[in-house]
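Dropping final-v8.txt in here (compact mmCIF, C-alpha atoms):
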# COMPACT_ATOMS: atom_id res chain seq x y z
CA MET N 1 18.12 -0.40 -17.89
CA ARG N 2 19.06 0.88 -14.43
CA VAL N 3 16.11 1.56 -12.12
CA VAL N 4 15.77 3.02 -8.64
CA SER N 5 12.46 2.46 -6.86
CA LEU N 6 11.15 4.73 -4.11
CA VAL N 7 7.97 2.67 -3.59
CA PRO N 8 8.17 -0.69 -1.74
CA SER N 9 5.37 -2.40 -3.67
CA LEU N 10 6.79 -1.25 -7.00
CA THR N 11 10.22 -2.44 -5.90
CA GLU N 12 8.82 -5.94 -5.52
CA ALA N 13 6.99 -5.77 -8.84
CA VAL N 14 10.09 -4.68 -10.76
CA ALA N 15 12.43 -7.06 -8.96
CA VAL N 16 10.41 -10.15 -9.87
CA SER N 17 9.52 -8.98 -13.38
CA ALA N 18 12.79 -7.41 -14.57
CA PRO N 19 15.61 -9.25 -12.78
CA GLY N 20 18.76 -7.16 -12.63
CA ALA N 21 17.11 -3.85 -13.51
CA LEU N 22 16.92 -2.52 -9.96
CA VAL N 23 20.07 -0.85 -8.68
CA GLY N 24 18.56 1.04 -5.75
CA ALA N 25 15.56 0.95 -3.41
CA THR N 26 14.42 2.50 -0.14
CA ASP N 27 15.21 1.18 3.31
CA TRP N 28 11.55 0.13 3.56
CA CYS N 29 11.64 -2.08 0.46
CA SER N 30 11.43 -5.46 2.20
CA HIS N 31 10.37 -7.66 -0.73
CA PRO N 32 11.59 -9.75 -2.38
CA VAL N 33 13.35 -11.02 0.71
CA GLY N 34 17.10 -10.76 0.30
CA LEU N 35 16.95 -8.03 -2.34
CA ASP N 36 20.57 -6.97 -2.90
CA VAL N 37 20.58 -3.36 -4.11
CA THR N 38 21.89 -0.04 -2.83
CA ARG N 39 19.61 1.43 -0.18
CA VAL N 40 18.82 5.10 -0.71
CA GLY N 41 17.00 6.15 2.47
CA GLY N 42 13.31 6.36 3.23
CA THR N 43 10.33 7.07 1.01
CA LYS N 44 9.92 10.52 2.57
CA ASN N 45 13.62 11.33 2.91
CA PRO N 46 15.56 9.65 0.09
CA LYS N 47 19.24 10.47 -0.26
CA VAL N 48 19.14 12.31 -3.57
CA ASP N 49 22.92 12.40 -3.92
CA ARG N 50 23.14 8.64 -3.49
CA ILE N 51 20.46 8.11 -6.13
CA VAL N 52 22.22 10.43 -8.58
CA ALA N 53 25.50 8.57 -7.98
CA LEU N 54 23.81 5.34 -9.11
CA ALA N 55 23.20 6.94 -12.53
CA PRO N 56 19.77 5.38 -13.02
CA ASP N 57 17.91 5.54 -16.30
CA LEU N 58 14.65 5.79 -14.37
CA VAL N 59 13.38 6.48 -10.86
CA ILE N 60 9.89 5.21 -10.07
CA ALA N 61 7.86 7.04 -7.44
CA ASN N 62 4.33 7.59 -6.19
CA GLU N 63 2.46 10.85 -5.71
CA GLU N 64 1.37 9.84 -2.22
CA GLU N 65 4.47 8.11 -0.85
CA ASN N 66 7.15 10.47 -2.13
CA ARG N 67 7.68 14.22 -1.73
CA ALA N 68 7.60 16.53 -4.73
CA PRO N 69 10.79 18.45 -3.74
CA ASP N 70 12.83 15.24 -3.79
CA LEU N 71 11.46 14.25 -7.18
CA ASP N 72 12.10 17.75 -8.53
CA ALA N 73 15.70 17.53 -7.32
CA LEU N 74 16.16 14.29 -9.23
CA ARG N 75 14.71 15.81 -12.38
CA THR N 76 17.01 18.82 -11.99
CA ALA N 77 19.90 16.36 -11.89
CA GLY N 78 18.78 15.06 -15.29
CA ILE N 79 17.13 11.86 -14.11
CA GLU N 80 13.82 10.66 -15.54
CA VAL N 81 11.17 10.19 -12.85
CA LEU N 82 7.98 8.21 -13.38
CA VAL N 83 5.29 9.11 -10.82
CA THR N 84 2.39 6.76 -10.25
CA GLU N 85 -1.06 7.44 -8.82
CA VAL N 86 -3.01 4.54 -7.34
CA ARG N 87 -6.38 5.14 -5.70
CA ASP N 88 -8.21 1.89 -6.51
CA VAL N 89 -7.60 -1.67 -7.67
CA PRO N 90 -8.19 -1.17 -11.43
CA GLN N 91 -5.85 1.82 -11.40
CA ALA N 92 -3.23 -0.30 -9.65
CA PHE N 93 -3.24 -2.77 -12.54
CA ARG N 94 -2.97 0.01 -15.11
CA GLU N 95 -0.09 1.68 -13.29
CA LEU N 96 1.75 -1.58 -12.76
CA ALA N 97 1.61 -2.28 -16.49
CA ARG N 98 2.88 1.24 -17.18
CA VAL N 99 5.76 0.94 -14.71
CA LEU N 100 6.87 -2.47 -15.94
CA GLY N 101 6.75 -1.28 -19.56
CA ALA N 102 8.92 1.71 -18.66
CA CYS N 103 11.37 -0.69 -17.00
CA GLY N 104 11.76 -2.67 -20.22
CA VAL N 105 9.44 -5.59 -19.43
CA ARG N 106 8.06 -6.65 -22.81
CA ALA N 107 5.88 -9.61 -21.90
CA ARG N 108 3.12 -9.14 -19.35
CA PRO N 109 4.18 -11.02 -16.17
CA ARG N 110 2.18 -14.08 -15.18
CA TRP N 111 1.68 -12.77 -11.64
CA LEU N 112 -0.01 -9.65 -12.99
CA ASP N 113 -2.49 -11.69 -15.05
CA GLU N 114 -3.16 -13.96 -12.06
CA ALA N 115 -3.76 -10.99 -9.78
CA GLU N 116 -6.15 -9.34 -12.20
CA ARG N 117 -8.06 -12.59 -12.70
CA THR N 118 -8.29 -13.10 -8.95
CA TRP N 119 -9.84 -9.70 -8.37
CA SER N 120 -12.17 -9.83 -11.37
CA SER N 121 -13.52 -13.24 -10.37
CA TRP N 122 -13.71 -12.68 -6.61
CA PRO N 123 -17.31 -13.33 -5.53
CA ALA N 124 -19.44 -10.43 -4.38
CA PRO N 125 -19.73 -10.38 -0.57
CA ASP N 126 -22.98 -11.74 0.82
CA ARG N 127 -23.11 -9.01 3.45
CA ARG N 128 -21.51 -5.65 4.14
CA THR N 129 -19.47 -4.85 7.23
CA THR N 130 -18.64 -1.41 8.65
CA ALA N 131 -15.14 -0.65 9.88
CA VAL N 132 -12.70 1.94 11.06
CA VAL N 133 -9.17 1.44 9.77
CA PRO N 134 -6.47 3.10 11.87
CA ILE N 135 -3.12 3.54 10.17
CA TRP N 136 -1.41 5.37 13.07
CA ARG N 137 -1.76 6.10 16.74
CA ARG N 138 -0.42 8.98 18.85
CA PRO N 139 -2.31 10.63 17.20
CA TRP N 140 -4.94 8.28 15.88
CA MET N 141 -5.25 8.48 12.09
CA VAL N 142 -7.57 6.42 9.91
CA LEU N 143 -8.35 5.75 6.27
CA GLY N 144 -10.44 8.55 4.80
CA ARG N 145 -11.58 9.31 1.27
CA ASP N 146 -10.17 8.07 -2.01
CA THR N 147 -7.58 5.52 -0.88
CA PHE N 148 -6.34 2.32 -2.47
CA ALA N 149 -6.71 0.41 0.82
CA GLY N 150 -10.26 1.65 1.17
CA ASP N 151 -11.13 0.35 -2.29
CA VAL N 152 -9.52 -3.01 -1.51
CA LEU N 153 -11.67 -3.36 1.59
CA ALA N 154 -14.84 -2.20 -0.17
CA ARG N 155 -14.41 -4.93 -2.77
CA LEU N 156 -14.24 -7.44 0.08
CA GLY N 157 -17.46 -6.18 1.65
CA VAL N 158 -15.96 -3.78 4.21
CA ASP N 159 -17.19 -0.18 4.22
CA HIS N 160 -14.95 2.04 6.32
CA LEU N 161 -16.82 4.77 8.11
CA TYR N 162 -14.63 7.71 7.11
CA ALA N 163 -14.74 7.12 3.35
CA ALA N 164 -16.54 10.42 2.86
CA HIS N 165 -14.23 12.47 5.08
CA GLU N 166 -12.68 15.50 3.40
CA ASP N 167 -9.18 14.26 4.28
CA ARG N 168 -7.59 11.12 2.92
CA TYR N 169 -6.00 10.24 6.28
CA PRO N 170 -7.89 12.21 8.93
CA ARG N 171 -6.90 12.49 12.56
CA ILE N 172 -9.84 11.23 14.61
CA PRO N 173 -9.90 11.20 18.43
CA LEU N 174 -10.17 7.72 19.90
CA ASP N 175 -13.45 8.58 21.63
CA ASP N 176 -14.95 9.42 18.22
CA LEU N 177 -13.71 6.15 16.73
CA LEU N 178 -15.36 4.24 19.57
CA ALA N 179 -18.57 6.26 19.25
CA ALA N 180 -18.74 5.38 15.54
CA ALA N 181 -19.47 1.79 16.66
CA PRO N 182 -18.04 -0.09 13.67
CA ASP N 183 -18.67 -3.79 13.17
CA VAL N 184 -14.91 -4.34 13.11
CA VAL N 185 -11.66 -2.44 13.60
CA VAL N 186 -9.08 -3.24 10.91
CA LEU N 187 -5.51 -2.90 12.20
CA PRO N 188 -2.74 -3.27 9.58
CA ASP N 189 0.90 -3.82 10.49
CA GLU N 190 2.03 -0.81 8.44
CA PRO N 191 2.64 2.08 8.36
CA TYR N 192 2.07 1.75 12.12
CA ARG N 193 2.87 -1.74 13.29
CA PHE N 194 -0.29 -2.74 15.11
CA THR N 195 0.01 -6.06 16.92
CA ALA N 196 -2.11 -8.18 19.24
CA ASP N 197 -0.54 -6.28 22.15
CA ASP N 198 -0.61 -2.81 20.59
CA GLY N 199 -3.92 -1.63 19.19
CA PRO N 200 -6.81 -3.95 20.10
CA GLU N 201 -6.74 -2.87 23.76
CA ALA N 202 -7.88 0.61 22.67
CA PHE N 203 -11.14 -0.84 21.29
CA PRO N 204 -12.68 -2.88 24.12
CA GLY N 205 -15.71 -4.85 23.08
CA LEU N 206 -15.06 -4.43 19.36
CA PRO N 207 -13.71 -7.23 17.14
CA CYS N 208 -10.29 -6.33 15.76
CA ALA N 209 -8.80 -7.78 12.58
CA LEU N 210 -5.01 -7.70 12.51
CA VAL N 211 -4.13 -7.67 8.81
CA SER N 212 -1.04 -7.65 6.64
CA GLY N 213 -0.22 -4.14 5.48
CA ARG N 214 1.51 -5.61 2.46
CA HIS N 215 -1.77 -7.18 1.34
CA LEU N 216 -3.90 -4.15 2.23
CA THR N 217 -1.77 -1.29 0.89
CA TRP N 218 0.76 -2.71 -1.59
CA TYR N 219 0.09 -2.95 -5.32
CA GLY N 220 2.35 -5.61 -6.75
CA PRO N 221 2.65 -9.41 -6.68
CA SER N 222 0.88 -9.48 -3.30
CA LEU N 223 -2.35 -8.48 -5.10
CA ALA N 224 -2.79 -12.07 -6.28
CA GLU N 225 -3.26 -13.41 -2.75
CA ALA N 226 -4.59 -10.26 -1.06
CA PRO N 227 -8.33 -11.10 -1.31
CA ARG N 228 -7.87 -14.49 0.32
CA VAL N 229 -5.44 -13.33 3.02
CA LEU N 230 -7.49 -10.30 4.00
CA SER N 231 -10.81 -12.16 3.88
CA GLU N 232 -9.45 -14.84 6.20
CA ALA N 233 -8.26 -12.23 8.71
CA LEU N 234 -11.61 -10.44 8.61
CA ARG N 235 -13.57 -13.67 9.09
CA ALA N 236 -11.38 -14.66 12.02
CA ALA N 237 -12.07 -11.33 13.74
CA ARG N 238 -15.84 -11.64 13.36
CA ARG N 239 -16.15 -15.17 14.74

Take the structure in this file and express it as structure tokens.
Amino acid sequence: MRVVSLVPSLTEAVAVSAPGALVGATDWCSHPVGLDVTRVGGTKNPKVDRIVALAPDLVIANEEENRAPDLDALRTAGIEVLVTEVRDVPQAFRELARVLGACGVRARPRWLDEAERTWSSWPAPDRRTTAVVPIWRRPWMVLGRDTFAGDVLARLGVDHLYAAHEDRYPRIPLDDLLAAAPDVVVLPDEPYRFTADDGPEAFPGLPCALVSGRHLTWYGPSLAEAPRVLSEALRAARR
């Protein structure tokens, strides 16, 4: 089985569960560290000719991260493309099982069982917290409706204030974000790399939680430790 992954979190899942199956991945596929495969460009601008030259049996993609024209071009070249859709935590587990099965993994990986157990047994939060969750600046964009990251946060007791917005990633002026008066501002390090010096200064007087984008937005082995890592970052911000 020869697999090309166009989704960083799925790259990690396949790499640790089907060693040797991956022959290509995007430039943004950073895990596992030291992954030695052909790089095929970005998630939004993959080099289709390079992927075709790898002669994969399967390309794995995601309806949100990858563009339909690129996937259509791969199909036209005779390559099978598996497209995932992940909008919440339970769906992530179902799609991971589907992807790994398509990649020839016969036994359910231990990390997947551990991750599912972790989420199913995670205690209900004793209080709810409101948040805005920027994912970009210049312009400011935040989590909106129907997102995997939003569901992750909701299960940890964090209700983001734009969950009912008509857009999934709306552009919201900074003044409006400040006027929303959230309990906390959640700043992930991807897709925009918010840091202690780039992001919190825009929200004076509001607690800001700098969180790992890999634990907030990836669906793969990181799911097993995501509740703990994110909860610790949120608690630290609210102290």

Next on the checklist: Excluding Asp36 (chain N) and its own-chain neighbours fewer than 5 positions away, which residues fall within 10 Å of it when counting all atoms listed in the file? Please give them as JSON, numbers by chain.
Outcome noted: {"N": [20, 22, 23, 24, 25]}

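CA of Glu85 (chain N) is positioned 24.6 Å from CA of Val37 (chain N).
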
Pull the neighbourhood of (10.1, 2.1, -13.0) for me: all residues within 7 Å in file coordinates, counting all atoms listed in the file, as a PDB file with C-alpha atoms, in the frame of the given file.
ATOM      1  CA  VAL N   3      16.110   1.560 -12.120  1.00  0.00           C
ATOM      2  CA  SER N   5      12.460   2.460  -6.860  1.00  0.00           C
ATOM      3  CA  LEU N  58      14.650   5.790 -14.370  1.00  0.00           C
ATOM      4  CA  VAL N  59      13.380   6.480 -10.860  1.00  0.00           C
ATOM      5  CA  ILE N  60       9.890   5.210 -10.070  1.00  0.00           C
ATOM      6  CA  LEU N  82       7.980   8.210 -13.380  1.00  0.00           C
ATOM      7  CA  VAL N  99       5.760   0.940 -14.710  1.00  0.00           C
ATOM      8  CA  LEU N 100       6.870  -2.470 -15.940  1.00  0.00           C
ATOM      9  CA  ALA N 102       8.920   1.710 -18.660  1.00  0.00           C
ATOM     10  CA  CYS N 103      11.370  -0.690 -17.000  1.00  0.00           C
TER      11      CYS N 103
END

Item to check | Exercise: region 112-128 of chain N partners within 10 Å, only C-alpha atoms, chain neighbours under 2 positions left out, as an MDAnalysis selection string | outcome: chainID N and resid 13 17 89:90 92:93 96:97 108:110 130:131 152 154:159 183 219:228

Based on the selection just made, write C-alpha atoms of those residues as an mmCIF file, keeping the file's coordinate frame.
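Final file, result_30.cif:
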data_model
loop_
_atom_site.group_PDB
_atom_site.id
_atom_site.type_symbol
_atom_site.label_atom_id
_atom_site.label_comp_id
_atom_site.auth_asym_id
_atom_site.auth_seq_id
_atom_site.Cartn_x
_atom_site.Cartn_y
_atom_site.Cartn_z
ATOM 1 C CA ALA N 13 6.990 -5.770 -8.840
ATOM 2 C CA SER N 17 9.520 -8.980 -13.380
ATOM 3 C CA VAL N 89 -7.600 -1.670 -7.670
ATOM 4 C CA PRO N 90 -8.190 -1.170 -11.430
ATOM 5 C CA ALA N 92 -3.230 -0.300 -9.650
ATOM 6 C CA PHE N 93 -3.240 -2.770 -12.540
ATOM 7 C CA LEU N 96 1.750 -1.580 -12.760
ATOM 8 C CA ALA N 97 1.610 -2.280 -16.490
ATOM 9 C CA ARG N 108 3.120 -9.140 -19.350
ATOM 10 C CA PRO N 109 4.180 -11.020 -16.170
ATOM 11 C CA ARG N 110 2.180 -14.080 -15.180
ATOM 12 C CA THR N 130 -18.640 -1.410 8.650
ATOM 13 C CA ALA N 131 -15.140 -0.650 9.880
ATOM 14 C CA VAL N 152 -9.520 -3.010 -1.510
ATOM 15 C CA ALA N 154 -14.840 -2.200 -0.170
ATOM 16 C CA ARG N 155 -14.410 -4.930 -2.770
ATOM 17 C CA LEU N 156 -14.240 -7.440 0.080
ATOM 18 C CA GLY N 157 -17.460 -6.180 1.650
ATOM 19 C CA VAL N 158 -15.960 -3.780 4.210
ATOM 20 C CA ASP N 159 -17.190 -0.180 4.220
ATOM 21 C CA ASP N 183 -18.670 -3.790 13.170
ATOM 22 C CA TYR N 219 0.090 -2.950 -5.320
ATOM 23 C CA GLY N 220 2.350 -5.610 -6.750
ATOM 24 C CA PRO N 221 2.650 -9.410 -6.680
ATOM 25 C CA SER N 222 0.880 -9.480 -3.300
ATOM 26 C CA LEU N 223 -2.350 -8.480 -5.100
ATOM 27 C CA ALA N 224 -2.790 -12.070 -6.280
ATOM 28 C CA GLU N 225 -3.260 -13.410 -2.750
ATOM 29 C CA ALA N 226 -4.590 -10.260 -1.060
ATOM 30 C CA PRO N 227 -8.330 -11.100 -1.310
ATOM 31 C CA ARG N 228 -7.870 -14.490 0.320
#

Item to check | Best match for closeness to Ala237 (chain N) among N:Ala181, N:Thr129, N:Asp198, N:Asp72, counting only C-alpha atoms | outcome: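 Closest to Ala237 (chain N) of all the choices is N:Thr129.
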
Near-region 204-208 of chain N list (10 Å; all atoms listed in the file; drop same-chain fewer than 3 positions) as a PDB file with C-alpha atoms, in the frame of the given file:
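Printed below is selection.pdb as written:
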ATOM      1  CA  ALA N 131     -15.140  -0.650   9.880  1.00  0.00           C
ATOM      2  CA  VAL N 132     -12.700   1.940  11.060  1.00  0.00           C
ATOM      3  CA  VAL N 133      -9.170   1.440   9.770  1.00  0.00           C
ATOM      4  CA  LEU N 178     -15.360   4.240  19.570  1.00  0.00           C
ATOM      5  CA  ALA N 181     -19.470   1.790  16.660  1.00  0.00           C
ATOM      6  CA  PRO N 182     -18.040  -0.090  13.670  1.00  0.00           C
ATOM      7  CA  ASP N 183     -18.670  -3.790  13.170  1.00  0.00           C
ATOM      8  CA  VAL N 184     -14.910  -4.340  13.110  1.00  0.00           C
ATOM      9  CA  VAL N 185     -11.660  -2.440  13.600  1.00  0.00           C
ATOM     10  CA  VAL N 186      -9.080  -3.240  10.910  1.00  0.00           C
ATOM     11  CA  LEU N 187      -5.510  -2.900  12.200  1.00  0.00           C
ATOM     12  CA  ALA N 196      -2.110  -8.180  19.240  1.00  0.00           C
ATOM     13  CA  GLY N 199      -3.920  -1.630  19.190  1.00  0.00           C
ATOM     14  CA  PRO N 200      -6.810  -3.950  20.100  1.00  0.00           C
ATOM     15  CA  GLU N 201      -6.740  -2.870  23.760  1.00  0.00           C
ATOM     16  CA  VAL N 211      -4.130  -7.670   8.810  1.00  0.00           C
ATOM     17  CA  ALA N 233      -8.260 -12.230   8.710  1.00  0.00           C
ATOM     18  CA  LEU N 234     -11.610 -10.440   8.610  1.00  0.00           C
ATOM     19  CA  ALA N 236     -11.380 -14.660  12.020  1.00  0.00           C
ATOM     20  CA  ALA N 237     -12.070 -11.330  13.740  1.00  0.00           C
ATOM     21  CA  ARG N 238     -15.840 -11.640  13.360  1.00  0.00           C
ATOM     22  CA  ARG N 239     -16.150 -15.170  14.740  1.00  0.00           C
TER      23      ARG N 239
END

Checklist outcome for this item: Across N:Val86, N:Cys29, N:Val48, N:Leu153, the smallest distance to Asp70 (chain N), with all atoms listed in the file counted, is shown by N:Val48

Checklist entry - What is the distance between CA of Val14 (chain N) and CA of Glu95 (chain N), in Å to one decimal? => result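 Going from CA of Val14 (chain N) over to CA of Glu95 (chain N) covers 12.3 Å.
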
Checklist entry - So which residues touch Tyr162 (chain N) within 7 Å, counting all atoms listed in the file, skipping near sequence neighbours fewer than 6 positions away, as JSON, numbers by chain? => result {"N": [143, 144, 145]}

Taking all atoms of region 172-186 of chain N that the file lists and extending 3 Å past them on each side, where is the centre of the axis-aligned box and how long are its edges? Answer in Å to one decimal, as AutoDock Vina command-line options.
--center_x -14.3 --center_y 3.4 --center_z 16.3 --size_x 16.4 --size_y 21.6 --size_z 16.7

Checklist entry - For His165 (chain N), which of N:Thr147, N:Thr43, N:Thr38, N:Ser30 is the closest residue, counting all atoms listed in the file? => result N:Thr147

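The spacing separating CA of Trp140 (chain N) from CA of Glu63 (chain N) amounts to 23.0 Å.
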
Need to verify the contact set: Pro191 (chain N), 12 Å, all atoms listed in the file, exclusion of same-chain residues closer than 4 positions in sequence. Can you return it as a CSV table (one decimal) with C-alpha atoms, keeping the file's coordinate frame?
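Resulting contents of around01.csv:
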chain,number,residue,atom,x,y,z
N,8,PRO,CA,8.2,-0.7,-1.7
N,28,TRP,CA,11.6,0.1,3.6
N,43,THR,CA,10.3,7.1,1.0
N,65,GLU,CA,4.5,8.1,-0.8
N,133,VAL,CA,-9.2,1.4,9.8
N,134,PRO,CA,-6.5,3.1,11.9
N,135,ILE,CA,-3.1,3.5,10.2
N,136,TRP,CA,-1.4,5.4,13.1
N,137,ARG,CA,-1.8,6.1,16.7
N,141,MET,CA,-5.2,8.5,12.1
N,142,VAL,CA,-7.6,6.4,9.9
N,143,LEU,CA,-8.4,5.8,6.3
N,187,LEU,CA,-5.5,-2.9,12.2
N,211,VAL,CA,-4.1,-7.7,8.8
N,212,SER,CA,-1.0,-7.6,6.6
N,213,GLY,CA,-0.2,-4.1,5.5
N,214,ARG,CA,1.5,-5.6,2.5
N,216,LEU,CA,-3.9,-4.2,2.2
N,217,THR,CA,-1.8,-1.3,0.9
N,218,TRP,CA,0.8,-2.7,-1.6

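When only C-alpha atoms are used to compute distances to Arg87 (chain N), the closest of the residues N:Ala55, N:Ala149, N:Leu174, N:Ala61 turns out to be N:Ala149.
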